[in-house]
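Everything on this sheet refers to the single structure shown next.
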Amino acid sequence: MLDPVFLRDHLPALRTALQHRGVDLGADLDALLALETERKRLIPGIEGLKREQNAAGEEAGRARREGRDITAIQDASRERAQRIKQLSAELDAVEERRQRGLLTIPNVPHSSVPVGRSAADNVEVRRHGTPRPFSFTPQAHWDLGPALGIIDFERGTKIAGARFTVLVGAGARMARALIDFMLDLHTRDHGYTEVEPPFMANSAALTGTGNLPKFEADLFKIAGEWDLFMVPTAEVPLTNMHREEILDGRMLPIRYTAYTPCFRSEAGSYGADVRGLIRQHQFDKVELMAFSAPAESYNELERLTGHAEEVLKRLDLPYRTVLLCTGDMGFASAKTYDIEVWLPSQNTFREISSCSNTEAFQARRASIKYRQPGGKPDFVHTLNGSGLAVGRTLIAVMENYQQADGSVVVPDALRPYMRGLEIIGPPK
RNA sequence: GGAGAGGUGGCCGAGUGGUCGAUGGCGGCGGUCUUGAAAACCGCUGUACCCGGAAGGGUACCGGGGGUUCGAAUCCCUCCCUCUCCGCCA
């Protein structure tokens with residue numbers, strides 16, 4: 001959520017920043033500013049009347065004890081109560097529109113974010129590893145998987161429909177191994193606390209992260225009288241761990257990691273990545289999440305991104321890290337790094353992680369504050385990143401470690417998690 | 001699914017229409033005392049918003065929302081949550 005004070009004091013700068021994101025909110029911002037002014041006009045009047053009302057109530061109590069007549073006080077109070085009611089209704093309407101406005105405006109990009117319109121304007125910041133040379137034409141995972149009997153697209157469709165997939169045998173086991181491997185890495189080596197959260201979240205939680213009210217179409221909603229949605233990412237439950245809390249500043253940073261399945265309707269993505277495991281309605285992910293003191297949050301973003309990259313380093317998968325431009329960032333983010341893994345069959349890098357600092361954007365929506373000893377409460381900064389998307393990591397392993405005969409070598413780092421299995425060969 | 005009990009400040013726990021943001025205790029902070037610590041004693045100790053340069057002042061909040069009333073933590077309605085017993089179940 002936008003800081004109302006920032007809106008009031010930096011309207012031109014805000015307008016420019018949002019233009020850089022490719023959204024035109026000119027009129028919205030003016031309307032919002034007008035609501036802000038209207039709000040500040042109404043509040044002092046209402047509070048003044050309430051003050052009078054309180055004094056009258058006190059006086060009535062005193063008068064009644066002393067046996068004096070209070071009908072005059074009652075009449076005046078009754079009338080005042082009506083005026084308060086009327087003005088409050090006006091204020092409520094203003095507050096509601098103001099709130100709705102504040103909730104639908106995206107975050108302001110950090111000054112270090114390159115200005116650009118699309119993914120083409122993103123900036124590669126580093127690259128790690130070298131794609132393996134192949135003496136044959138590397139196959140896509142959607143050919144390798146079914147041939148090895150470890151991915152079954154047809155049965156996924158039979159059970160749930162398009163964009164659902166069944167992993168079988170060594171495929172299912174490798175997904176589980178990846179989850180285990182990632183969680184161990186982040187808890188043991190990177191200092192995160194493991195969490196297993198609910199896989200559904202309510203509308204308050206989703207509003208806190210920024211998924212609601214604007215992006216309900218991307219979510220799977222539970223039918224019936226439930227205020228519940230399937231989580232689109234563990235970012236939602238993890239960020240909401242401390243919603244409406246004031247944290248002890250000495251506990252920061254707080255770092256959580258969680259494995260969850262993620263559910264996305266992928267509305268509006270018809271035709272994109274229809275083959276294979278790249279874009280599914282359900283996928284597994286290990287998430288990294290941090291609550292940081294504001295002054296430290298950009299250092300924390302670098303650390304968190306490094307923690308996600310470490311997964312690929314240990315699996316010996318080539319990748320590059322890209323700084324997203326203003327036009328390609330998500331709604332809640334002030335700065336985002338995407339990590340892209342090499343996929344030989346596509347001869348390109350594909351996104352496998354997205355690491356963002358939302359600054360106080362989510363903290364303001366979800367009311368997540370911290371307080372240093374003796375200090376005033378202030379909003380924390382929240383950060384999140386994939387560490388990593390499991391399905392896409394599985395794809396990357398299969399494609400990068402494939403051999404001429406269609407078998408797949410198990411990366412060294414994963415073997416302890418797969419009872420020493422060294423190679424996944426075709427079914428006998 | 002059925003029956004019942006309950007949600008008050010960081011925690012415990014009073015308060016059932018009138019100076020109640022709310023008695024008391026615990027915890028925390030500061031001070032006195034002490035060689036030091038403990039104990040004892042004294043003081044302070046919530047959040048949000050509004051006005052104000054500040055000092056300070058005001059309004060709201062006793063699970064959420066609505067209502068009754070001159071006036072509500074206290075009465076009414078409704079929703080949410082927690083606990084206990086039964087049933088069911090991983």
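Naming scheme: A, B, ... for chains in displayed order of the structure tokens; residues 1 onward per chain; ligands 1 onward as shown.
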
* All residues 9 Å or closer to region 376-378 of chain A, only C-alpha atoms (C1' of nucleotides), same chain fewer than 5 positions away omitted, as a VMD selection string -> chain A and resid 246 to 247 368 to 371

Quick one: write out the picked residues with all heavy atoms as a compact mmCIF listing (two decimals), in the first residue's frame?
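Below you can see out-v9.txt, which holds the result:
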```txt
# COMPACT_ATOMS: atom_id res chain seq x y z
N ILE A 246 3.48 -6.15 16.29
CA ILE A 246 4.63 -5.25 16.44
C ILE A 246 5.78 -6.12 16.92
O ILE A 246 5.74 -6.64 18.03
CB ILE A 246 4.33 -4.11 17.43
CG1 ILE A 246 3.17 -3.26 16.91
CG2 ILE A 246 5.57 -3.25 17.62
CD1 ILE A 246 2.69 -2.20 17.90
N LEU A 247 6.77 -6.29 16.07
CA LEU A 247 7.87 -7.20 16.37
C LEU A 247 8.94 -6.49 17.19
O LEU A 247 9.12 -5.27 17.09
CB LEU A 247 8.49 -7.71 15.06
CG LEU A 247 7.51 -8.39 14.11
CD1 LEU A 247 8.13 -8.56 12.73
CD2 LEU A 247 7.08 -9.74 14.67
N ILE A 368 2.42 -4.71 9.70
CA ILE A 368 3.52 -5.45 10.31
C ILE A 368 4.58 -4.43 10.71
O ILE A 368 5.19 -3.80 9.85
CB ILE A 368 4.13 -6.48 9.35
CG1 ILE A 368 3.03 -7.36 8.75
CG2 ILE A 368 5.18 -7.33 10.07
CD1 ILE A 368 3.49 -8.18 7.56
N LYS A 369 4.76 -4.26 12.02
CA LYS A 369 5.68 -3.23 12.50
C LYS A 369 6.77 -3.84 13.35
O LYS A 369 6.71 -5.01 13.73
CB LYS A 369 4.91 -2.19 13.30
CG LYS A 369 3.80 -1.53 12.51
CD LYS A 369 3.23 -0.35 13.25
CE LYS A 369 2.30 0.44 12.33
NZ LYS A 369 1.84 1.67 12.98
N TYR A 370 7.76 -3.03 13.65
CA TYR A 370 8.80 -3.44 14.59
C TYR A 370 9.09 -2.24 15.48
O TYR A 370 8.74 -1.11 15.16
CB TYR A 370 10.07 -3.87 13.84
CG TYR A 370 10.88 -2.71 13.31
CD1 TYR A 370 12.08 -2.32 13.92
CD2 TYR A 370 10.43 -1.97 12.22
CE1 TYR A 370 12.80 -1.24 13.45
CE2 TYR A 370 11.16 -0.90 11.73
CZ TYR A 370 12.34 -0.53 12.35
OH TYR A 370 13.06 0.53 11.89
N ARG A 371 9.71 -2.52 16.61
CA ARG A 371 10.06 -1.44 17.52
C ARG A 371 11.42 -1.73 18.15
O ARG A 371 11.62 -2.81 18.73
CB ARG A 371 9.00 -1.30 18.61
CG ARG A 371 9.36 -0.26 19.68
CD ARG A 371 8.20 0.01 20.61
NE ARG A 371 7.50 -1.21 20.92
CZ ARG A 371 6.21 -1.25 21.25
NH1 ARG A 371 5.50 -0.17 21.30
NH2 ARG A 371 5.65 -2.41 21.53
```

* Distance-based interface of chain A with chain B, 6 Å, counting only C-alpha atoms (C1' of nucleotides), as a list in words -> Pro44, Glu47, Gly57, Gly61, Gln74 and Ser77 of chain A

Output file for the residues above (all heavy atoms, as a CSV table (one decimal), in the first residue's frame):
```
chain,number,residue,atom,x,y,z
A,44,PRO,N,-11.8,16.6,12.0
A,44,PRO,CA,-11.8,17.5,13.2
A,44,PRO,C,-13.2,17.9,13.6
A,44,PRO,O,-13.5,18.1,14.8
A,44,PRO,CB,-11.0,18.7,12.7
A,44,PRO,CG,-10.1,18.2,11.6
A,44,PRO,CD,-11.0,17.1,10.9
A,47,GLU,N,-14.8,15.0,15.5
A,47,GLU,CA,-14.1,14.8,16.8
A,47,GLU,C,-14.5,15.9,17.8
A,47,GLU,O,-14.7,15.6,19.0
A,47,GLU,CB,-12.6,14.6,16.7
A,47,GLU,CG,-12.2,13.3,16.0
A,47,GLU,CD,-10.7,13.1,16.1
A,47,GLU,OE1,-10.0,13.9,16.5
A,47,GLU,OE2,-10.3,11.9,15.7
A,57,GLY,N,-22.6,14.2,28.3
A,57,GLY,CA,-22.9,12.9,29.0
A,57,GLY,C,-22.4,12.9,30.4
A,57,GLY,O,-23.2,12.5,31.3
A,61,GLY,N,-24.8,12.9,33.9
A,61,GLY,CA,-24.6,12.0,35.0
A,61,GLY,C,-24.6,12.8,36.3
A,61,GLY,O,-25.2,12.4,37.3
A,74,GLN,N,-30.5,16.2,27.4
A,74,GLN,CA,-30.9,15.1,26.5
A,74,GLN,C,-31.3,15.5,25.1
A,74,GLN,O,-30.8,14.9,24.1
A,74,GLN,CB,-32.0,14.3,27.2
A,74,GLN,CG,-31.6,13.5,28.4
A,74,GLN,CD,-32.8,12.8,29.0
A,74,GLN,OE1,-33.9,13.3,29.0
A,74,GLN,NE2,-32.6,11.7,29.7
A,77,SER,N,-28.2,16.6,23.2
A,77,SER,CA,-27.4,15.4,22.9
A,77,SER,C,-28.0,14.6,21.8
A,77,SER,O,-27.2,14.1,20.9
A,77,SER,CB,-27.2,14.6,24.1
A,77,SER,OG,-26.4,15.2,25.1
```

* Gap from CA of Gln346 (chain A) to CA of Asp284 (chain A) - Å, one decimal -> 22.1 Å

* To do: Write down as a VMD selection string the residues of region 197-405 of chain A whose backbone DSSP state falls under alpha helix (DSSP H).
  => chain A and resid 203 to 209 235 to 239 297 to 314 361 to 366 390 to 400

Output of the above residues as a compact mmCIF listing (two decimals), in the first residue's frame, restricted to N, CA and C atoms:
```
# COMPACT_ATOMS: atom_id res chain seq x y z
N SER A 203 -9.10 -13.81 2.81
CA SER A 203 -8.97 -12.60 2.00
C SER A 203 -8.13 -11.53 2.70
N ALA A 204 -8.14 -11.50 4.02
CA ALA A 204 -7.32 -10.53 4.74
C ALA A 204 -5.84 -10.79 4.46
N ALA A 205 -5.47 -12.06 4.50
CA ALA A 205 -4.07 -12.43 4.25
C ALA A 205 -3.67 -12.06 2.82
N LEU A 206 -4.55 -12.34 1.88
CA LEU A 206 -4.23 -12.08 0.47
C LEU A 206 -4.23 -10.59 0.15
N THR A 207 -5.00 -9.82 0.93
CA THR A 207 -4.96 -8.37 0.77
C THR A 207 -3.63 -7.83 1.30
N GLY A 208 -3.16 -8.44 2.36
CA GLY A 208 -1.90 -8.03 2.95
C GLY A 208 -0.72 -8.14 1.99
N THR A 209 -0.69 -9.19 1.20
CA THR A 209 0.42 -9.39 0.27
C THR A 209 0.22 -8.63 -1.04
N GLU A 235 4.64 -17.15 -0.09
CA GLU A 235 4.82 -15.75 0.30
C GLU A 235 3.58 -15.27 1.07
N VAL A 236 2.41 -15.74 0.67
CA VAL A 236 1.18 -15.27 1.31
C VAL A 236 1.11 -15.70 2.78
N PRO A 237 1.16 -16.99 3.09
CA PRO A 237 1.12 -17.35 4.51
C PRO A 237 2.33 -16.84 5.29
N LEU A 238 3.51 -16.86 4.69
CA LEU A 238 4.71 -16.47 5.44
C LEU A 238 4.68 -14.98 5.78
N THR A 239 4.29 -14.15 4.84
CA THR A 239 4.22 -12.71 5.12
C THR A 239 3.18 -12.44 6.20
N SER A 297 17.16 -3.57 4.38
CA SER A 297 16.40 -4.46 3.50
C SER A 297 17.06 -4.68 2.15
N TYR A 298 17.80 -3.70 1.65
CA TYR A 298 18.44 -3.94 0.35
C TYR A 298 19.67 -4.83 0.46
N ASN A 299 20.32 -4.81 1.60
CA ASN A 299 21.36 -5.83 1.85
C ASN A 299 20.72 -7.20 1.95
N GLU A 300 19.55 -7.23 2.61
CA GLU A 300 18.85 -8.49 2.79
C GLU A 300 18.41 -9.05 1.43
N LEU A 301 18.01 -8.17 0.53
CA LEU A 301 17.60 -8.63 -0.81
C LEU A 301 18.77 -9.32 -1.52
N GLU A 302 19.97 -8.73 -1.40
CA GLU A 302 21.14 -9.35 -2.03
C GLU A 302 21.43 -10.71 -1.40
N ARG A 303 21.33 -10.76 -0.07
CA ARG A 303 21.57 -12.04 0.62
C ARG A 303 20.57 -13.09 0.18
N LEU A 304 19.29 -12.71 0.21
CA LEU A 304 18.23 -13.67 -0.11
C LEU A 304 18.37 -14.18 -1.54
N THR A 305 18.69 -13.28 -2.46
CA THR A 305 18.89 -13.69 -3.85
C THR A 305 20.06 -14.67 -3.92
N GLY A 306 21.12 -14.38 -3.17
CA GLY A 306 22.27 -15.29 -3.12
C GLY A 306 21.90 -16.66 -2.57
N HIS A 307 21.00 -16.68 -1.59
CA HIS A 307 20.56 -17.96 -1.02
C HIS A 307 19.82 -18.80 -2.06
N ALA A 308 19.04 -18.14 -2.88
CA ALA A 308 18.32 -18.85 -3.94
C ALA A 308 19.31 -19.34 -4.99
N GLU A 309 20.27 -18.50 -5.35
CA GLU A 309 21.27 -18.88 -6.36
C GLU A 309 22.08 -20.09 -5.89
N GLU A 310 22.31 -20.16 -4.58
CA GLU A 310 23.14 -21.24 -4.03
C GLU A 310 22.56 -22.62 -4.38
N VAL A 311 21.23 -22.70 -4.46
CA VAL A 311 20.61 -23.97 -4.81
C VAL A 311 21.11 -24.42 -6.19
N LEU A 312 21.14 -23.50 -7.14
CA LEU A 312 21.56 -23.83 -8.50
C LEU A 312 23.05 -24.13 -8.55
N LYS A 313 23.83 -23.40 -7.74
CA LYS A 313 25.27 -23.66 -7.69
C LYS A 313 25.52 -25.09 -7.23
N ARG A 314 24.81 -25.49 -6.19
CA ARG A 314 25.06 -26.83 -5.63
C ARG A 314 24.57 -27.93 -6.57
N PHE A 361 5.55 -1.86 1.53
CA PHE A 361 4.28 -1.96 0.78
C PHE A 361 3.33 -2.99 1.39
N GLN A 362 3.84 -4.18 1.62
CA GLN A 362 3.01 -5.22 2.24
C GLN A 362 2.84 -4.96 3.73
N ALA A 363 3.90 -4.49 4.37
CA ALA A 363 3.85 -4.24 5.82
C ALA A 363 2.76 -3.23 6.15
N ARG A 364 2.59 -2.24 5.28
CA ARG A 364 1.57 -1.24 5.51
C ARG A 364 0.18 -1.85 5.34
N ARG A 365 0.03 -2.69 4.31
CA ARG A 365 -1.26 -3.35 4.09
C ARG A 365 -1.60 -4.31 5.21
N ALA A 366 -0.58 -5.02 5.69
CA ALA A 366 -0.82 -6.08 6.67
C ALA A 366 -0.55 -5.60 8.09
N VAL A 390 10.12 -25.89 -7.63
CA VAL A 390 10.58 -27.28 -7.68
C VAL A 390 10.39 -27.90 -9.07
N GLY A 391 9.23 -27.69 -9.67
CA GLY A 391 8.96 -28.27 -10.99
C GLY A 391 9.96 -27.80 -12.03
N ARG A 392 10.24 -26.53 -12.00
CA ARG A 392 11.19 -25.99 -12.98
C ARG A 392 12.61 -26.45 -12.69
N THR A 393 12.93 -26.67 -11.41
CA THR A 393 14.24 -27.21 -11.08
C THR A 393 14.36 -28.64 -11.58
N LEU A 394 13.27 -29.38 -11.42
CA LEU A 394 13.23 -30.76 -11.90
C LEU A 394 13.47 -30.80 -13.42
N ILE A 395 12.83 -29.90 -14.11
CA ILE A 395 13.02 -29.79 -15.56
C ILE A 395 14.47 -29.50 -15.89
N ALA A 396 15.03 -28.53 -15.16
CA ALA A 396 16.41 -28.11 -15.43
C ALA A 396 17.38 -29.26 -15.19
N VAL A 397 17.16 -30.02 -14.13
CA VAL A 397 18.02 -31.18 -13.86
C VAL A 397 17.90 -32.18 -15.01
N MET A 398 16.66 -32.50 -15.37
CA MET A 398 16.45 -33.49 -16.42
C MET A 398 17.13 -33.07 -17.72
N GLU A 399 16.92 -31.83 -18.10
CA GLU A 399 17.43 -31.41 -19.40
C GLU A 399 18.94 -31.22 -19.39
N ASN A 400 19.49 -30.67 -18.32
CA ASN A 400 20.93 -30.42 -18.28
C ASN A 400 21.73 -31.69 -18.02
```

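For Pro133 (chain A), the residues within 12 Å (counting only C-alpha atoms (C1' of nucleotides), excluding itself and residues fewer than 5 positions away along the chain) are Pro138, Pro344, Asn347, Asn400, Tyr401, Gln402, Gln403 and Ala404 of chain A.
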
* Asked: If you count only C-alpha atoms (C1' of nucleotides), which residues fall within 7 Å of region 265-271 of chain A, apart from same-chain ones fewer than 3 positions away, as a ChimeraX atom specification?
  -> /A:217-220,274,281

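Of the residues under consideration (B:C41, B:C20, B:C80, B:A90), B:C20 shows the shortest atom-to-atom contact distance to U8 (chain B) when counting only C-alpha atoms (C1' of nucleotides).
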
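In terms of minimum interatomic distance to Met289 (chain A), A:Leu383 ranks closest within A:Leu383, A:Ala201, A:Val108, A:Ala332, counting only C-alpha atoms.
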
* **Picked from region 5-249 of chain A by DSSP as strand (DSSP E or B), as a PyMOL selection string** => chain A and resi 123-128+151-152+166-167+193-195+200-201+221+229-230+245-248

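Here CA of Lys335 (chain A) is placed at a distance of 27.1 Å from CA of Thr130 (chain A).
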
* Pick out the residues sitting within 12 Å of G4 (chain B), and hand them over as a ChimeraX atom specification; count only C-alpha atoms (C1' of nucleotides), and ignore anything fewer than 4 positions along from it in its own chain. => /B:83-86

How would the residues just picked look written out with all heavy atoms as a JSON list (two decimals), in the first residue's frame?
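The result, stored in part14.json:
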```
[["chain", "number", "residue", "atom", "x", "y", "z"],
["B", 83, "C", "P", -8.99, -24.43, 20.90],
["B", 83, "C", "OP1", -7.65, -25.04, 20.96],
["B", 83, "C", "OP2", -9.92, -24.79, 19.81],
["B", 83, "C", "O5'", -9.74, -24.66, 22.29],
["B", 83, "C", "C5'", -9.08, -24.40, 23.51],
["B", 83, "C", "C4'", -10.06, -24.51, 24.65],
["B", 83, "C", "O4'", -11.13, -23.54, 24.47],
["B", 83, "C", "C3'", -10.80, -25.84, 24.75],
["B", 83, "C", "O3'", -10.02, -26.83, 25.38],
["B", 83, "C", "C2'", -12.02, -25.45, 25.57],
["B", 83, "C", "O2'", -11.71, -25.31, 26.93],
["B", 83, "C", "C1'", -12.33, -24.07, 24.99],
["B", 83, "C", "N1", -13.34, -24.11, 23.91],
["B", 83, "C", "C2", -14.69, -24.21, 24.27],
["B", 83, "C", "O2", -14.97, -24.26, 25.47],
["B", 83, "C", "N3", -15.63, -24.25, 23.29],
["B", 83, "C", "C4", -15.26, -24.21, 22.01],
["B", 83, "C", "N4", -16.22, -24.25, 21.08],
["B", 83, "C", "C5", -13.89, -24.12, 21.62],
["B", 83, "C", "C6", -12.97, -24.07, 22.59],
["B", 84, "U", "P", -10.26, -28.38, 25.05],
["B", 84, "U", "OP1", -9.17, -29.16, 25.66],
["B", 84, "U", "OP2", -10.53, -28.51, 23.59],
["B", 84, "U", "O5'", -11.61, -28.70, 25.83],
["B", 84, "U", "C5'", -11.65, -28.68, 27.25],
["B", 84, "U", "C4'", -13.04, -29.01, 27.73],
["B", 84, "U", "O4'", -13.95, -27.96, 27.33],
["B", 84, "U", "C3'", -13.65, -30.27, 27.13],
["B", 84, "U", "O3'", -13.21, -31.45, 27.77],
["B", 84, "U", "C2'", -15.14, -30.03, 27.34],
["B", 84, "U", "O2'", -15.53, -30.28, 28.67],
["B", 84, "U", "C1'", -15.24, -28.52, 27.07],
["B", 84, "U", "N1", -15.61, -28.22, 25.67],
["B", 84, "U", "C2", -16.95, -28.26, 25.35],
["B", 84, "U", "O2", -17.81, -28.54, 26.15],
["B", 84, "U", "N3", -17.23, -27.96, 24.04],
["B", 84, "U", "C4", -16.33, -27.64, 23.04],
["B", 84, "U", "O4", -16.74, -27.39, 21.91],
["B", 84, "U", "C5", -14.96, -27.63, 23.45],
["B", 84, "U", "C6", -14.66, -27.91, 24.73],
["B", 85, "C", "P", -13.09, -32.83, 26.95],
["B", 85, "C", "OP1", -12.37, -33.81, 27.80],
["B", 85, "C", "OP2", -12.60, -32.52, 25.58],
["B", 85, "C", "O5'", -14.62, -33.28, 26.83],
["B", 85, "C", "C5'", -15.34, -33.69, 27.99],
["B", 85, "C", "C4'", -16.79, -33.90, 27.65],
["B", 85, "C", "O4'", -17.38, -32.63, 27.20],
["B", 85, "C", "C3'", -17.07, -34.84, 26.48],
["B", 85, "C", "O3'", -17.00, -36.21, 26.83],
["B", 85, "C", "C2'", -18.48, -34.41, 26.08],
["B", 85, "C", "O2'", -19.45, -34.92, 26.97],
["B", 85, "C", "C1'", -18.39, -32.90, 26.25],
["B", 85, "C", "N1", -18.03, -32.23, 24.97],
["B", 85, "C", "C2", -19.06, -31.99, 24.06],
["B", 85, "C", "O2", -20.22, -32.33, 24.34],
["B", 85, "C", "N3", -18.77, -31.39, 22.88],
["B", 85, "C", "C4", -17.51, -31.05, 22.61],
["B", 85, "C", "N4", -17.26, -30.46, 21.44],
["B", 85, "C", "C5", -16.44, -31.29, 23.52],
["B", 85, "C", "C6", -16.75, -31.88, 24.68],
["B", 86, "C", "P", -16.53, -37.28, 25.74],
["B", 86, "C", "OP1", -16.39, -38.58, 26.43],
["B", 86, "C", "OP2", -15.40, -36.73, 24.97],
["B", 86, "C", "O5'", -17.81, -37.34, 24.79],
["B", 86, "C", "C5'", -19.03, -37.89, 25.25],
["B", 86, "C", "C4'", -20.10, -37.77, 24.18],
["B", 86, "C", "O4'", -20.31, -36.37, 23.87],
["B", 86, "C", "C3'", -19.78, -38.38, 22.83],
["B", 86, "C", "O3'", -19.94, -39.79, 22.81],
["B", 86, "C", "C2'", -20.78, -37.67, 21.94],
["B", 86, "C", "O2'", -22.08, -38.19, 22.08],
["B", 86, "C", "C1'", -20.74, -36.25, 22.51],
["B", 86, "C", "N1", -19.77, -35.39, 21.77],
["B", 86, "C", "C2", -20.19, -34.86, 20.55],
["B", 86, "C", "O2", -21.33, -35.09, 20.14],
["B", 86, "C", "N3", -19.33, -34.07, 19.85],
["B", 86, "C", "C4", -18.11, -33.85, 20.32],
["B", 86, "C", "N4", -17.30, -33.08, 19.59],
["B", 86, "C", "C5", -17.65, -34.40, 21.55],
["B", 86, "C", "C6", -18.51, -35.15, 22.25]]
```

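Residues in contact range of C11 (chain B), defined as at most 12 Å between only C-alpha atoms (C1' of nucleotides), with sequence neighbours fewer than 3 positions away removed, read B:G25, B:C26, B:G27, B:G28.
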
Those selected residues, please, written with N, CA and C atoms (P, O5', C5', C4', C3', O3' and C1' of nucleotides) and delivered as a JSON list (two decimals), in the first residue's frame.
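again-v5.json written:
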```json
[["chain", "number", "residue", "atom", "x", "y", "z"],
["B", 25, "G", "P", -1.11, -3.78, 42.65],
["B", 25, "G", "O5'", -0.80, -5.27, 42.19],
["B", 25, "G", "C5'", -0.86, -6.34, 43.14],
["B", 25, "G", "C4'", -0.74, -7.66, 42.43],
["B", 25, "G", "C3'", 0.51, -7.83, 41.58],
["B", 25, "G", "O3'", 1.66, -8.18, 42.34],
["B", 25, "G", "C1'", -1.37, -8.54, 40.34],
["B", 26, "C", "P", 3.10, -7.71, 41.89],
["B", 26, "C", "O5'", 3.34, -8.61, 40.59],
["B", 26, "C", "C5'", 3.41, -10.03, 40.70],
["B", 26, "C", "C4'", 3.53, -10.67, 39.34],
["B", 26, "C", "C3'", 4.68, -10.16, 38.48],
["B", 26, "C", "O3'", 5.93, -10.75, 38.84],
["B", 26, "C", "C1'", 2.72, -10.26, 37.17],
["B", 27, "G", "P", 7.27, -9.87, 38.76],
["B", 27, "G", "O5'", 7.43, -9.68, 37.18],
["B", 27, "G", "C5'", 7.67, -10.79, 36.32],
["B", 27, "G", "C4'", 7.56, -10.37, 34.88],
["B", 27, "G", "C3'", 8.44, -9.20, 34.47],
["B", 27, "G", "O3'", 9.77, -9.61, 34.21],
["B", 27, "G", "C1'", 6.26, -8.84, 33.65],
["B", 28, "G", "P", 11.00, -8.63, 34.57],
["B", 28, "G", "O5'", 10.78, -7.43, 33.55],
["B", 28, "G", "C5'", 10.96, -7.63, 32.14],
["B", 28, "G", "C4'", 10.68, -6.36, 31.39],
["B", 28, "G", "C3'", 11.46, -5.13, 31.88],
["B", 28, "G", "O3'", 12.76, -5.09, 31.33],
["B", 28, "G", "C1'", 9.18, -4.56, 31.63]]
```

Produce a table with one row for each residue of region 44-160 of chain A that has an atom at most 9 Å from any atom of region 171-174 of chain A, each row naming the nearest atom pair and its distance in Å at one decimal; use only C-alpha atoms; arrange rows by chain and rising residue number; format as CSV.
```
residue,atom,partner,partner_atom,distance
A:Gly145,CA,A:Gly171,CA,8.0
A:Leu148,CA,A:Gly171,CA,8.9
A:Gly149,CA,A:Gly171,CA,8.2
A:Ile150,CA,A:Gly171,CA,4.5
A:Ile151,CA,A:Gly171,CA,6.4
```

* **Non-local contacts of Thr336 (chain A) (12 Å; only C-alpha atoms (C1' of nucleotides); under 3 positions in same chain excluded) as a PyMOL selection string** => chain A and resi 107+109-110+112-114+122-123+125+298+301-302+304-305+321-333+339+353-359+383-386

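In this structure, CA of Val23 (chain A) sits 9.2 Å away from CA of Ile105 (chain A).
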